[in-house]
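Undergrad: Contents of upload-v7.pdb (PDB, C-alpha atoms):
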```
MODEL        1
ATOM      1  CA  MET A   1      10.353  30.738 -21.605
ATOM      2  CA  SER A   2       8.617  32.314 -18.622
ATOM      3  CA  ILE A   3       6.418  29.861 -16.689
ATOM      4  CA  SER A   4       3.692  31.256 -14.460
ATOM      5  CA  ASP A   5       2.670  29.857 -11.074
ATOM      6  CA  GLU A   6      -0.685  28.920 -12.562
ATOM      7  CA  GLN A   7       1.019  26.935 -15.329
ATOM      8  CA  ARG A   8       3.183  25.132 -12.767
ATOM      9  CA  LYS A   9       0.128  24.250 -10.705
ATOM     10  CA  GLN A  10      -1.691  22.988 -13.774
ATOM     11  CA  VAL A  11       1.073  20.641 -14.931
ATOM     12  CA  LYS A  12       1.780  19.508 -11.361
ATOM     13  CA  GLY A  13      -1.780  18.226 -11.284
ATOM     14  CA  GLN A  14      -0.908  16.203 -14.389
ATOM     15  CA  GLY A  15       2.145  14.648 -12.717
ATOM     16  CA  PHE A  16       4.922  17.071 -13.772
ATOM     17  CA  LEU A  17       6.978  18.429 -10.873
ATOM     18  CA  SER A  18       9.296  21.436 -11.119
ATOM     19  CA  ASN A  19      13.020  20.715 -11.130
ATOM     20  CA  ARG A  20      15.374  22.784  -9.005
ATOM     21  CA  ASP A  21      16.315  24.986 -11.967
ATOM     22  CA  ASN A  22      12.656  26.151 -12.166
ATOM     23  CA  VAL A  23      12.777  25.638 -15.926
ATOM     24  CA  HIS A  24      12.477  21.892 -16.407
ATOM     25  CA  PHE A  25      10.047  19.313 -15.013
ATOM     26  CA  SER A  26      10.096  15.683 -13.890
ATOM     27  CA  ALA A  27       7.274  13.484 -15.140
ATOM     28  CA  ARG A  28       5.953  11.032 -12.576
ATOM     29  CA  VAL A  29       4.942   7.990 -14.639
ATOM     30  CA  ILE A  30       2.189   5.815 -13.184
ATOM     31  CA  THR A  31       2.221   2.032 -13.036
ATOM     32  CA  GLU A  32      -0.778   0.118 -11.730
ATOM     33  CA  ASN A  33       1.269  -2.297  -9.659
ATOM     34  CA  GLY A  34       4.947  -1.432 -10.032
ATOM     35  CA  VAL A  35       5.344  -3.403 -13.262
ATOM     36  CA  LEU A  36       6.079  -2.210 -16.805
ATOM     37  CA  ASN A  37       6.456  -4.520 -19.781
ATOM     38  CA  ALA A  38       9.371  -4.380 -22.222
ATOM     39  CA  ARG A  39       7.452  -2.315 -24.800
ATOM     40  CA  GLN A  40       6.534   0.272 -22.175
ATOM     41  CA  LEU A  41      10.132   0.512 -20.965
ATOM     42  CA  LYS A  42      11.335   1.003 -24.536
ATOM     43  CA  ASN A  43       8.716   3.700 -25.064
ATOM     44  CA  LEU A  44       9.734   5.397 -21.831
ATOM     45  CA  SER A  45      13.418   5.362 -22.807
ATOM     46  CA  GLU A  46      12.601   6.919 -26.163
ATOM     47  CA  ALA A  47      10.506   9.634 -24.498
ATOM     48  CA  ALA A  48      13.267  10.403 -21.984
ATOM     49  CA  GLU A  49      15.816  10.851 -24.761
ATOM     50  CA  LYS A  50      13.536  12.823 -27.062
ATOM     51  CA  TYR A  51      11.750  15.121 -24.595
ATOM     52  CA  GLY A  52      13.777  14.980 -21.346
ATOM     53  CA  ASN A  53      17.470  14.890 -20.462
ATOM     54  CA  GLY A  54      17.829  11.196 -21.251
ATOM     55  CA  ASP A  55      17.677  10.001 -17.637
ATOM     56  CA  ILE A  56      15.096   7.827 -15.873
ATOM     57  CA  SER A  57      15.004   7.782 -12.065
ATOM     58  CA  PHE A  58      13.231   5.546  -9.573
ATOM     59  CA  THR A  59      11.517   7.030  -6.539
ATOM     60  CA  SER A  60      11.335   5.611  -3.030
ATOM     61  CA  ARG A  61       7.732   4.604  -3.759
ATOM     62  CA  MET A  62       8.716   2.476  -6.766
ATOM     63  CA  THR A  63       7.474   5.112  -9.182
ATOM     64  CA  ILE A  64       9.395   6.127 -12.301
ATOM     65  CA  GLU A  65      10.265   9.753 -12.999
ATOM     66  CA  VAL A  66      11.704  11.296 -16.155
ATOM     67  CA  PRO A  67      13.525  14.558 -15.312
ATOM     68  CA  GLY A  68      14.673  17.473 -17.432
ATOM     69  CA  ILE A  69      11.533  17.989 -19.518
ATOM     70  CA  PRO A  70      11.069  21.559 -20.811
ATOM     71  CA  PHE A  71       7.604  23.001 -20.253
ATOM     72  CA  GLU A  72       6.888  23.163 -23.983
ATOM     73  CA  ASN A  73       7.700  19.436 -24.371
ATOM     74  CA  ILE A  74       5.095  18.227 -21.870
ATOM     75  CA  PRO A  75       2.202  17.673 -24.347
ATOM     76  CA  ALA A  76       4.461  15.734 -26.749
ATOM     77  CA  PHE A  77       5.826  13.651 -23.863
ATOM     78  CA  GLN A  78       2.293  12.778 -22.757
ATOM     79  CA  ALA A  79       1.347  11.773 -26.285
ATOM     80  CA  HIS A  80       4.428   9.573 -26.576
ATOM     81  CA  LEU A  81       3.588   7.705 -23.348
ATOM     82  CA  ALA A  82       0.001   7.207 -24.481
ATOM     83  CA  ARG A  83       1.208   5.007 -27.358
ATOM     84  CA  GLU A  84       1.829   2.243 -24.802
ATOM     85  CA  GLY A  85      -1.041   3.072 -22.465
ATOM     86  CA  MET A  86       0.991   5.056 -19.941
ATOM     87  CA  VAL A  87       0.239   8.353 -18.230
ATOM     88  CA  ALA A  88       1.887  10.744 -15.812
ATOM     89  CA  GLY A  89       0.121  11.688 -12.579
ATOM     90  CA  GLY A  90       0.002  10.718  -8.925
ATOM     91  CA  THR A  91       0.197  14.125  -7.263
ATOM     92  CA  GLY A  92      -2.016  16.257  -5.035
ATOM     93  CA  ALA A  93      -4.353  15.671  -2.095
ATOM     94  CA  ARG A  94      -5.849  12.499  -3.488
ATOM     95  CA  VAL A  95      -5.420   8.738  -3.432
ATOM     96  CA  ARG A  96      -1.854   8.126  -4.581
ATOM     97  CA  PRO A  97      -0.500   5.324  -6.797
ATOM     98  CA  VAL A  98      -0.240   1.996  -4.995
ATOM     99  CA  VAL A  99       3.127   0.598  -3.923
ATOM    100  CA  ALA A 100       3.433  -3.191  -4.059
ATOM    101  CA  CYS A 101       6.363  -5.462  -3.294
ATOM    102  CA  LYS A 102       7.299  -8.359  -5.599
ATOM    103  CA  GLY A 103       5.276 -10.836  -3.554
ATOM    104  CA  THR A 104       3.665 -12.185  -6.728
ATOM    105  CA  VAL A 105       6.937 -13.891  -7.687
ATOM    106  CA  CYS A 106       8.860 -13.838  -4.384
ATOM    107  CA  ILE A 107       9.398 -17.144  -2.547
ATOM    108  CA  TYR A 108       8.172 -15.474   0.646
ATOM    109  CA  GLY A 109       5.043 -13.943  -0.896
ATOM    110  CA  ASN A 110       1.842 -15.121   0.750
ATOM    111  CA  ILE A 111      -0.421 -13.204  -1.650
ATOM    112  CA  ASP A 112      -0.423 -12.025  -5.256
ATOM    113  CA  THR A 113       0.600  -8.452  -4.471
ATOM    114  CA  GLN A 114       0.585  -7.210  -8.059
ATOM    115  CA  ASP A 115      -2.912  -8.492  -8.752
ATOM    116  CA  LEU A 116      -4.247  -6.905  -5.550
ATOM    117  CA  ALA A 117      -2.420  -3.644  -6.307
ATOM    118  CA  THR A 118      -3.957  -3.566  -9.786
ATOM    119  CA  GLU A 119      -7.468  -3.921  -8.355
ATOM    120  CA  ILE A 120      -6.800  -1.223  -5.740
ATOM    121  CA  HIS A 121      -5.363   1.072  -8.428
ATOM    122  CA  ARG A 122      -8.386   0.716 -10.681
ATOM    123  CA  ARG A 123     -10.985   0.997  -7.906
ATOM    124  CA  PHE A 124      -9.436   3.691  -5.759
ATOM    125  CA  TYR A 125      -6.744   5.525  -7.739
ATOM    126  CA  ASP A 126      -8.700   5.674 -10.997
ATOM    127  CA  GLY A 127     -12.126   5.455  -9.375
ATOM    128  CA  TYR A 128     -11.461   8.191  -6.816
ATOM    129  CA  ARG A 129      -9.216  10.379  -8.964
ATOM    130  CA  GLN A 130     -11.648  13.306  -8.904
ATOM    131  CA  VAL A 131     -12.184  13.097  -5.121
ATOM    132  CA  THR A 132     -10.287  15.768  -3.190
ATOM    133  CA  LEU A 133      -9.071  14.668   0.247
ATOM    134  CA  PRO A 134      -7.653  16.651   3.184
ATOM    135  CA  HIS A 135      -4.160  15.499   2.155
ATOM    136  CA  LYS A 136      -2.445  12.763   0.150
ATOM    137  CA  PHE A 137      -3.517   9.179   0.861
ATOM    138  CA  LYS A 138      -0.935   6.422   0.388
ATOM    139  CA  ILE A 139      -1.551   2.689   0.065
ATOM    140  CA  SER A 140       1.070  -0.070   0.167
ATOM    141  CA  VAL A 141       0.762  -3.832  -0.338
ATOM    142  CA  GLY A 142       3.311  -6.237   1.144
ATOM    143  CA  GLY A 143       3.343  -9.943   0.397
ATOM    144  CA  CYS A 144       4.607 -11.068   3.792
ATOM    145  CA  PRO A 145       5.747  -9.745   7.198
ATOM    146  CA  ASN A 146       9.223  -8.965   5.803
ATOM    147  CA  ASN A 147       7.634  -5.579   4.996
ATOM    148  CA  CYS A 148       9.915  -4.778   2.057
ATOM    149  CA  ALA A 149       7.418  -2.200   0.737
ATOM    150  CA  LYS A 150       7.082  -0.665   4.234
ATOM    151  CA  PRO A 151       3.257  -0.940   4.341
ATOM    152  CA  GLU A 152       3.120   0.135   7.995
ATOM    153  CA  LEU A 153       4.444   3.594   7.009
ATOM    154  CA  ASN A 154       1.469   4.269   4.733
ATOM    155  CA  ASP A 155      -2.022   5.577   5.408
ATOM    156  CA  ILE A 156      -3.221   2.057   4.641
ATOM    157  CA  GLY A 157      -0.851  -0.898   4.772
ATOM    158  CA  ILE A 158      -1.833  -4.391   3.633
ATOM    159  CA  ILE A 159       0.359  -7.351   4.620
ATOM    160  CA  GLY A 160      -0.127 -10.882   3.291
ATOM    161  CA  GLN A 161      -0.578 -13.508   5.998
ATOM    162  CA  LYS A 162      -0.387 -17.286   6.113
ATOM    163  CA  VAL A 163      -1.871 -18.370   9.435
ATOM    164  CA  PRO A 164      -0.560 -21.838  10.469
ATOM    165  CA  GLN A 165      -3.313 -24.424  10.709
ATOM    166  CA  TYR A 166      -1.828 -26.400  13.574
ATOM    167  CA  ASP A 167      -3.233 -29.770  14.706
ATOM    168  CA  ARG A 168      -1.736 -30.307  18.182
ATOM    169  CA  ALA A 169      -3.027 -33.901  18.278
ATOM    170  CA  LEU A 170      -0.497 -34.868  15.598
ATOM    171  CA  CYS A 171       2.516 -33.487  17.466
ATOM    172  CA  LYS A 172       4.743 -36.191  19.003
ATOM    173  CA  GLY A 173       7.269 -33.852  20.569
ATOM    174  CA  CYS A 174      10.174 -34.718  18.280
ATOM    175  CA  PRO A 175      13.540 -33.916  19.923
ATOM    176  CA  LYS A 176      14.590 -31.928  16.832
ATOM    177  CA  CYS A 177      11.367 -30.211  15.849
ATOM    178  CA  PRO A 178      11.620 -28.844  12.279
ATOM    179  CA  VAL A 179       8.828 -26.352  12.968
ATOM    180  CA  ILE A 180      10.781 -24.761  15.812
ATOM    181  CA  ALA A 181      13.866 -24.676  13.585
ATOM    182  CA  ALA A 182      11.952 -23.001  10.748
ATOM    183  CA  CYS A 183      10.334 -20.229  12.812
ATOM    184  CA  PRO A 184      12.292 -16.952  12.415
ATOM    185  CA  MET A 185      10.265 -15.252  15.163
ATOM    186  CA  LYS A 186      10.999 -17.910  17.823
ATOM    187  CA  ALA A 187       7.258 -18.139  18.365
ATOM    188  CA  CYS A 188       7.338 -21.935  18.590
ATOM    189  CA  GLU A 189       8.708 -23.897  21.531
ATOM    190  CA  MET A 190       8.350 -27.268  23.172
ATOM    191  CA  LYS A 191       6.211 -27.293  26.320
ATOM    192  CA  GLU A 192       5.645 -30.531  28.241
ATOM    193  CA  GLY A 193       6.421 -32.619  25.197
ATOM    194  CA  ILE A 194       4.153 -30.696  22.779
ATOM    195  CA  MET A 195       5.093 -27.932  20.358
ATOM    196  CA  GLU A 196       3.167 -24.762  21.128
ATOM    197  CA  ILE A 197       2.764 -21.546  19.095
ATOM    198  CA  ASP A 198       2.800 -18.210  20.910
ATOM    199  CA  TRP A 199       0.262 -16.283  18.867
ATOM    200  CA  GLU A 200       1.337 -12.989  20.421
ATOM    201  CA  ILE A 201       4.737 -13.469  18.768
ATOM    202  CA  CYS A 202       3.768 -15.299  15.561
ATOM    203  CA  ASN A 203       3.603 -12.907  12.594
ATOM    204  CA  ASN A 204       2.002 -15.400  10.166
ATOM    205  CA  CYS A 205       4.941 -15.488   7.779
ATOM    206  CA  GLY A 206       3.998 -19.088   6.905
ATOM    207  CA  LEU A 207       7.557 -20.456   6.955
ATOM    208  CA  CYS A 208       6.517 -23.221   9.358
ATOM    209  CA  VAL A 209       3.789 -24.541   7.045
ATOM    210  CA  GLY A 210       4.622 -27.972   5.660
ATOM    211  CA  LYS A 211       7.748 -28.360   7.797
ATOM    212  CA  CYS A 212       6.385 -30.908  10.286
ATOM    213  CA  HIS A 213       7.284 -34.481   9.288
ATOM    214  CA  LEU A 214       4.054 -35.690  10.898
ATOM    215  CA  ASN A 215       1.960 -33.156   8.965
ATOM    216  CA  ALA A 216       0.849 -31.223  12.056
ATOM    217  CA  ILE A 217       0.929 -27.958  10.057
ATOM    218  CA  PRO A 218      -0.018 -29.063   6.528
ATOM    219  CA  GLN A 219      -1.318 -25.695   5.367
ATOM    220  CA  GLY A 220      -1.881 -22.074   6.270
ATOM    221  CA  GLU A 221      -4.942 -19.883   5.921
ATOM    222  CA  ILE A 222      -4.271 -16.952   3.588
ATOM    223  CA  GLY A 223      -5.450 -13.595   4.843
ATOM    224  CA  TYR A 224      -4.610  -9.913   5.111
ATOM    225  CA  LYS A 225      -3.347  -7.813   7.990
ATOM    226  CA  ILE A 226      -4.287  -4.133   7.733
ATOM    227  CA  THR A 227      -2.532  -1.198   9.368
ATOM    228  CA  ILE A 228      -3.932   2.333   9.349
ATOM    229  CA  GLY A 229      -2.511   5.777   9.903
ATOM    230  CA  GLY A 230       1.126   5.100   9.067
ATOM    231  CA  ARG A 231       3.284   8.038   8.082
ATOM    232  CA  TRP A 232       6.863   8.735   7.014
ATOM    233  CA  GLY A 233       8.562  12.092   6.760
ATOM    234  CA  LYS A 234       9.002  14.957   9.190
ATOM    235  CA  GLN A 235       6.570  13.303  11.605
ATOM    236  CA  ILE A 236       6.719   9.516  11.820
ATOM    237  CA  ARG A 237       3.953   7.166  12.925
ATOM    238  CA  ILE A 238       3.842   3.383  12.623
ATOM    239  CA  GLY A 239       0.437   2.287  11.363
ATOM    240  CA  SER A 240      -1.934   0.766  13.900
ATOM    241  CA  PRO A 241      -2.978  -2.841  13.119
ATOM    242  CA  LEU A 242      -6.741  -3.220  12.995
ATOM    243  CA  LYS A 243      -7.947  -5.490  15.778
ATOM    244  CA  ASP A 244     -10.962  -7.748  16.111
ATOM    245  CA  PRO A 245     -12.434  -8.249  19.605
ATOM    246  CA  SER A 246     -13.836 -11.637  18.565
ATOM    247  CA  CYS A 247     -10.404 -13.060  17.683
ATOM    248  CA  ARG A 248      -9.266 -15.545  20.325
ATOM    249  CA  PHE A 249      -5.511 -15.623  19.792
ATOM    250  CA  GLN A 250      -4.227 -13.111  17.260
ATOM    251  CA  PRO A 251      -3.149  -9.641  18.465
ATOM    252  CA  TYR A 252      -4.698  -8.232  15.287
ATOM    253  CA  ALA A 253      -7.477  -9.158  12.874
ATOM    254  CA  ILE A 254      -7.029 -11.268   9.740
ATOM    255  CA  PHE A 255      -9.267 -10.140   6.875
ATOM    256  CA  SER A 256     -10.384 -11.675   3.599
ATOM    257  CA  ARG A 257      -9.577  -9.978   0.305
ATOM    258  CA  GLU A 258     -13.073  -8.527  -0.069
ATOM    259  CA  GLU A 259     -13.084  -7.298   3.521
ATOM    260  CA  THR A 260      -9.711  -5.687   2.871
ATOM    261  CA  LEU A 261     -10.942  -3.842  -0.211
ATOM    262  CA  ASP A 262     -13.998  -2.639   1.726
ATOM    263  CA  ILE A 263     -11.794  -1.316   4.529
ATOM    264  CA  VAL A 264      -9.576   0.546   2.046
ATOM    265  CA  GLU A 265     -12.659   2.285   0.683
ATOM    266  CA  LYS A 266     -14.025   2.967   4.178
ATOM    267  CA  ALA A 267     -10.689   4.521   5.169
ATOM    268  CA  ILE A 268     -10.819   6.878   2.194
ATOM    269  CA  LEU A 269     -14.386   7.846   3.053
ATOM    270  CA  LEU A 270     -13.543   8.295   6.732
ATOM    271  CA  PHE A 271     -10.635  10.585   5.789
ATOM    272  CA  LYS A 272     -12.851  12.536   3.414
ATOM    273  CA  GLU A 273     -15.525  13.051   6.082
ATOM    274  CA  LYS A 274     -13.499  13.448   9.286
ATOM    275  CA  GLY A 275     -10.141  14.797   8.124
ATOM    276  CA  LEU A 276      -9.348  18.477   8.437
ATOM    277  CA  PRO A 277      -7.780  20.343   5.494
ATOM    278  CA  GLY A 278      -4.030  19.808   5.420
ATOM    279  CA  GLU A 279      -3.852  16.968   7.966
ATOM    280  CA  ARG A 280      -2.779  13.398   7.236
ATOM    281  CA  LEU A 281      -4.901  10.400   8.183
ATOM    282  CA  SER A 282      -2.532   9.696  11.084
ATOM    283  CA  THR A 283      -3.509  13.006  12.672
ATOM    284  CA  THR A 284      -7.203  12.348  12.035
ATOM    285  CA  ILE A 285      -6.911   8.987  13.806
ATOM    286  CA  GLU A 286      -5.074  10.497  16.765
ATOM    287  CA  ARG A 287      -7.781  13.136  17.053
ATOM    288  CA  LEU A 288     -10.674  10.646  16.826
ATOM    289  CA  GLY A 289      -8.996   7.871  18.805
ATOM    290  CA  ILE A 290      -8.046   4.448  17.484
ATOM    291  CA  ALA A 291     -11.060   2.715  19.102
ATOM    292  CA  VAL A 292     -13.518   5.044  17.338
ATOM    293  CA  THR A 293     -11.614   4.680  14.068
ATOM    294  CA  GLU A 294     -11.622   0.874  14.245
ATOM    295  CA  LYS A 295     -15.347   0.819  14.944
ATOM    296  CA  MET A 296     -16.029   3.024  11.915
ATOM    297  CA  LEU A 297     -13.834   0.918   9.629
ATOM    298  CA  ILE A 298     -15.042  -2.508  10.732
ATOM    299  CA  ALA A 299     -18.651  -2.040  11.753
ATOM    300  CA  GLY A 300     -19.539   1.440  10.567
ATOM    301  CA  ASN A 301     -21.943   2.525   7.817
ATOM    302  CA  LEU A 302     -19.440   4.496   5.742
ATOM    303  CA  LEU A 303     -20.141   2.551   2.554
ATOM    304  CA  GLU A 304     -23.885   3.086   2.923
ATOM    305  CA  ARG A 305     -23.254   6.836   3.179
ATOM    306  CA  LYS A 306     -20.745   6.924   0.323
ATOM    307  CA  GLU A 307     -22.613   9.363  -1.927
ATOM    308  CA  GLU A 308     -23.320  11.686   0.977
ATOM    309  CA  ILE A 309     -19.653  11.730   2.032
ATOM    310  CA  LEU A 310     -18.312  12.207  -1.489
ATOM    311  CA  GLY A 311     -20.606  15.195  -1.860
ATOM    312  CA  LEU A 312     -18.804  17.030   0.926
ATOM    313  CA  GLY A 313     -16.813  20.003  -0.300
ATOM    314  CA  LYS A 314     -13.575  20.635   1.571
ATOM    315  CA  GLU A 315     -10.510  22.749   1.030
ATOM    316  CA  GLU A 316      -7.703  20.820  -0.633
ATOM    317  CA  GLY A 317      -4.621  20.013   1.443
ATOM    318  CA  GLY A 318      -1.004  19.593   0.405
ATOM    319  CA  GLY A 319       1.445  17.001  -0.800
ATOM    320  CA  ALA A 320       3.662  16.673  -3.843
TER     321      ALA A 320
ENDMDL
END
```
Please express the file's structure as structure tokens.

TA:
Amino acid sequence: MSISDEQRKQVKGQGFLSNRDNVHFSARVITENGVLNARQLKNLSEAAEKYGNGDISFTSRMTIEVPGIPFENIPAFQAHLAREGMVAGGTGARVRPVVACKGTVCIYGNIDTQDLATEIHRRFYDGYRQVTLPHKFKISVGGCPNNCAKPELNDIGIIGQKVPQYDRALCKGCPKCPVIAACPMKACEMKEGIMEIDWEICNNCGLCVGKCHLNAIPQGEIGYKITIGGRWGKQIRIGSPLKDPSCRFQPYAIFSREETLDIVEKAILLFKEKGLPGERLSTTIERLGIAVTEKMLIAGNLLERKEEILGLGKEEGGGA
């Protein structure tokens, strides 16, 4: 059948992307946090066989796509997914589905990544679904500084932290210090008989916590590192870590969960207000300057002006 450009645009907005043959479509299936249960996977397999070409592919952003769906099969495919509470979507100049690593179950995970991703999805993917932005807006949650989900290459990256709570008075300068042995960053070293942590090097992975036989680092403070303005593709930019002038030793700020969620929302609002049509947040930040951006995200009044900002009408940008 003949498919018009208007029809393609309409179904693209519903999460169905044209295949190279210009006849079939791939359905981008949304998960809240990168997890599907067994019933949903069974449902998805049935839908792929019945309405697509029988294949299921996984994208670089941990999203599932079902290719080979004829245009006329799209409504039936959507109805089939709905039986298990699934939908297709995640396209356009809007907040995109959240990418989360497996930090919830990983031995290195400092935070419950899937739980945080679910809250972000519901508040900002679902909650902001009707808000048009200058371009796509990507969010990634990593459980630790291993950065498996590449959070620093997203518009907003969140990285779980476990800041060592070190009591220097308990250190006896053991010849074979287990804390120094455990540190993968080589941020710990013995100085004048006392183990010292170089906070400029420490990335708060938390692997030193509990390693001292004298209990000098019995626990770590859980927090969140936030990077902004990351980008991958034709033009690459590593996200800038948000800093806090009041912090005495860390090269970047450590935020609480609620502060983190507020900053995610502020970043969306900042992009909505200050971004130009067709530009990514990285370009907006470079144009405004990182110091101005940080001030707006940490101490600004963006949340108080939320309704005003959301009322702004701007031309929609790009992004598949």

Undergrad: Please produce, as CSV, a per-residue contact table for region 195-246 of chain A versus region 161-180 of chain A (criterion: any atom at most 9 Å away, only C-alpha atoms considered), showing the nearest atom pair and its distance in Å to one decimal, sorted by chain then residue number.

TA:
```
residue,atom,partner,partner_atom,distance
A:Met195,CA,A:Gly173,CA,6.3
A:Glu196,CA,A:Arg168,CA,8.0
A:Ile197,CA,A:Tyr166,CA,8.7
A:Cys202,CA,A:Val163,CA,8.9
A:Asn203,CA,A:Gln161,CA,7.8
A:Asn204,CA,A:Val163,CA,4.9
A:Cys205,CA,A:Lys162,CA,5.9
A:Gly206,CA,A:Lys162,CA,4.8
A:Leu207,CA,A:Val179,CA,8.5
A:Cys208,CA,A:Val179,CA,5.3
A:Val209,CA,A:Pro164,CA,6.2
A:Gly210,CA,A:Val179,CA,8.6
A:Lys211,CA,A:Val179,CA,5.7
A:Cys212,CA,A:Val179,CA,5.8
A:His213,CA,A:Pro178,CA,7.7
A:Leu214,CA,A:Leu170,CA,6.6
A:Asn215,CA,A:Leu170,CA,7.3
A:Ala216,CA,A:Asp167,CA,5.1
A:Ile217,CA,A:Tyr166,CA,4.7
A:Pro218,CA,A:Gln165,CA,7.1
A:Gln219,CA,A:Gln165,CA,5.8
A:Gly220,CA,A:Pro164,CA,4.4
A:Glu221,CA,A:Val163,CA,4.9
A:Ile222,CA,A:Lys162,CA,4.6
A:Gly223,CA,A:Gln161,CA,5.0
A:Tyr224,CA,A:Gln161,CA,5.5
A:Lys225,CA,A:Gln161,CA,6.6
```

Undergrad: So what does the PyMOL selection byres ((chain A and resi 131) around 12) actually pick up in this one, as a VMD selection string?

TA: chain A and resid 92 to 96 124 to 130 132 to 137 268 to 269 271 to 273 306 to 307 309 to 316

Undergrad: Specify as an mmCIF file with C-alpha atoms, in the coordinates of the input each residue included when the PyMOL selection byres ((chain A and resi 26) around 7) is applied to this file.

TA:
```cif
data_model
loop_
_atom_site.group_PDB
_atom_site.id
_atom_site.type_symbol
_atom_site.label_atom_id
_atom_site.label_comp_id
_atom_site.auth_asym_id
_atom_site.auth_seq_id
_atom_site.Cartn_x
_atom_site.Cartn_y
_atom_site.Cartn_z
ATOM 1 C CA PHE A 16 4.922 17.071 -13.772
ATOM 2 C CA LEU A 17 6.978 18.429 -10.873
ATOM 3 C CA SER A 18 9.296 21.436 -11.119
ATOM 4 C CA ASN A 19 13.020 20.715 -11.130
ATOM 5 C CA PHE A 25 10.047 19.313 -15.013
ATOM 6 C CA ALA A 27 7.274 13.484 -15.140
ATOM 7 C CA ARG A 28 5.953 11.032 -12.576
ATOM 8 C CA GLU A 65 10.265 9.753 -12.999
ATOM 9 C CA VAL A 66 11.704 11.296 -16.155
ATOM 10 C CA PRO A 67 13.525 14.558 -15.312
ATOM 11 C CA GLY A 68 14.673 17.473 -17.432
ATOM 12 C CA ILE A 69 11.533 17.989 -19.518
#
```

Undergrad: Using only C-alpha atoms for the distances, tell me which of A:Thr283, A:Thr118, A:Thr293, A:Asn73 is nearest to Lys243 (chain A).

TA: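 Selected residue with least distance to Lys243 (chain A): A:Thr293.
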
Undergrad: Name the residues that the PyMOL selection byres ((chain A and resi 249-261) around 8) picks from the file above, as a short mmCIF file (atom, residue, chain, number, x, y, z; two decimals) with C-alpha atoms, keeping the file's coordinate frame, using the file's chain letters and numbers.

TA:
```cif
data_model
loop_
_atom_site.label_atom_id
_atom_site.label_comp_id
_atom_site.auth_asym_id
_atom_site.auth_seq_id
_atom_site.Cartn_x
_atom_site.Cartn_y
_atom_site.Cartn_z
CA ILE A 120 -6.80 -1.22 -5.74
CA GLN A 161 -0.58 -13.51 6.00
CA TRP A 199 0.26 -16.28 18.87
CA GLU A 200 1.34 -12.99 20.42
CA GLY A 223 -5.45 -13.60 4.84
CA TYR A 224 -4.61 -9.91 5.11
CA LYS A 225 -3.35 -7.81 7.99
CA ILE A 226 -4.29 -4.13 7.73
CA PRO A 241 -2.98 -2.84 13.12
CA LEU A 242 -6.74 -3.22 13.00
CA LYS A 243 -7.95 -5.49 15.78
CA ASP A 244 -10.96 -7.75 16.11
CA CYS A 247 -10.40 -13.06 17.68
CA ARG A 248 -9.27 -15.54 20.32
CA ASP A 262 -14.00 -2.64 1.73
CA ILE A 263 -11.79 -1.32 4.53
CA VAL A 264 -9.58 0.55 2.05
CA GLU A 265 -12.66 2.28 0.68
#
```

Undergrad: Have a look at CA of Ile201 (chain A) and CA of Ile139 (chain A) and let me know their distance in Å, one decimal.

TA: 25.5 Å

Undergrad: With all atoms listed in the file counted and 12 Å as the cut-off, give the residues of region 116-211 of chain A in contact with region 52-60 of chain A, each with its shortest interatomic distance in Å and the pair that gives it, as JSON lines.

TA:
```
{"residue": "A:Cys148", "atom": "CA", "partner": "A:Ser60", "partner_atom": "CA", "distance": 11.7}
{"residue": "A:Ala149", "atom": "CA", "partner": "A:Ser60", "partner_atom": "CA", "distance": 9.5}
{"residue": "A:Lys150", "atom": "CA", "partner": "A:Ser60", "partner_atom": "CA", "distance": 10.5}
```

Undergrad: For CA of Asn301 (chain A) and CA of Lys266 (chain A), quote the distance in Å rounded to one decimal.

TA: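 Computed distance, CA of Asn301 (chain A) to CA of Lys266 (chain A), equals 8.7 Å.
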
Undergrad: Could you please determine the separation between CA of Lys12 (chain A) and CA of Glu279 (chain A) in Å, to one decimal place?

TA: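 Computed distance, CA of Lys12 (chain A) to CA of Glu279 (chain A), equals 20.3 Å.
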
Undergrad: Return as AutoDock Vina command-line options the box centre and box size in Å, one decimal, for an axis-aligned box around all listed atoms of region 266-274 of chain A padded by 6 Å per side.

TA:
```
--center_x -13.1 --center_y 8.2 --center_z 5.7 --size_x 16.9 --size_y 22.5 --size_z 19.1
```

Undergrad: With only C-alpha atoms as the basis for distance, which of A:Gly103, A:Gln114, A:Ile298, A:Gly90 is at the shortest distance from Leu36 (chain A)?

TA: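 Of A:Gly103, A:Gln114, A:Ile298, A:Gly90, the one nearest Leu36 (chain A) is A:Gln114, counting only C-alpha atoms.
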
Undergrad: Would you mind telling me which residue in A:Ala82, A:Cys188, A:Val87, A:Ala267 lies nearest to Lys138 (chain A) when using all atoms listed in the file?

TA: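 Checking each of A:Ala82, A:Cys188, A:Val87, A:Ala267 against Lys138 (chain A), counting all atoms listed in the file, the winner is A:Ala267.
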
Undergrad: Would you please work out which residue, of A:Ala47, A:Met1, A:Val105, A:Cys144, is nearest to Val35 (chain A) when using all atoms listed in the file?

TA: A:Val105

Undergrad: Can you tell me which residues surround Thr104 (chain A) at a distance of at most 12 Å, considering only C-alpha atoms, apart from same-chain residues fewer than 3 positions away, and format the answer as a count of residues only?

TA: 22

Undergrad: Residues at most 12 Å from Arg83 (chain A), counting only C-alpha atoms, excluding those fewer than 6 positions away in the same chain, as a list in words?

TA: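 Selected residues are Arg39, Gln40, Leu41, Lys42, Asn43, Leu44, Glu46, Ala47, Ala76 and Phe77 of chain A.
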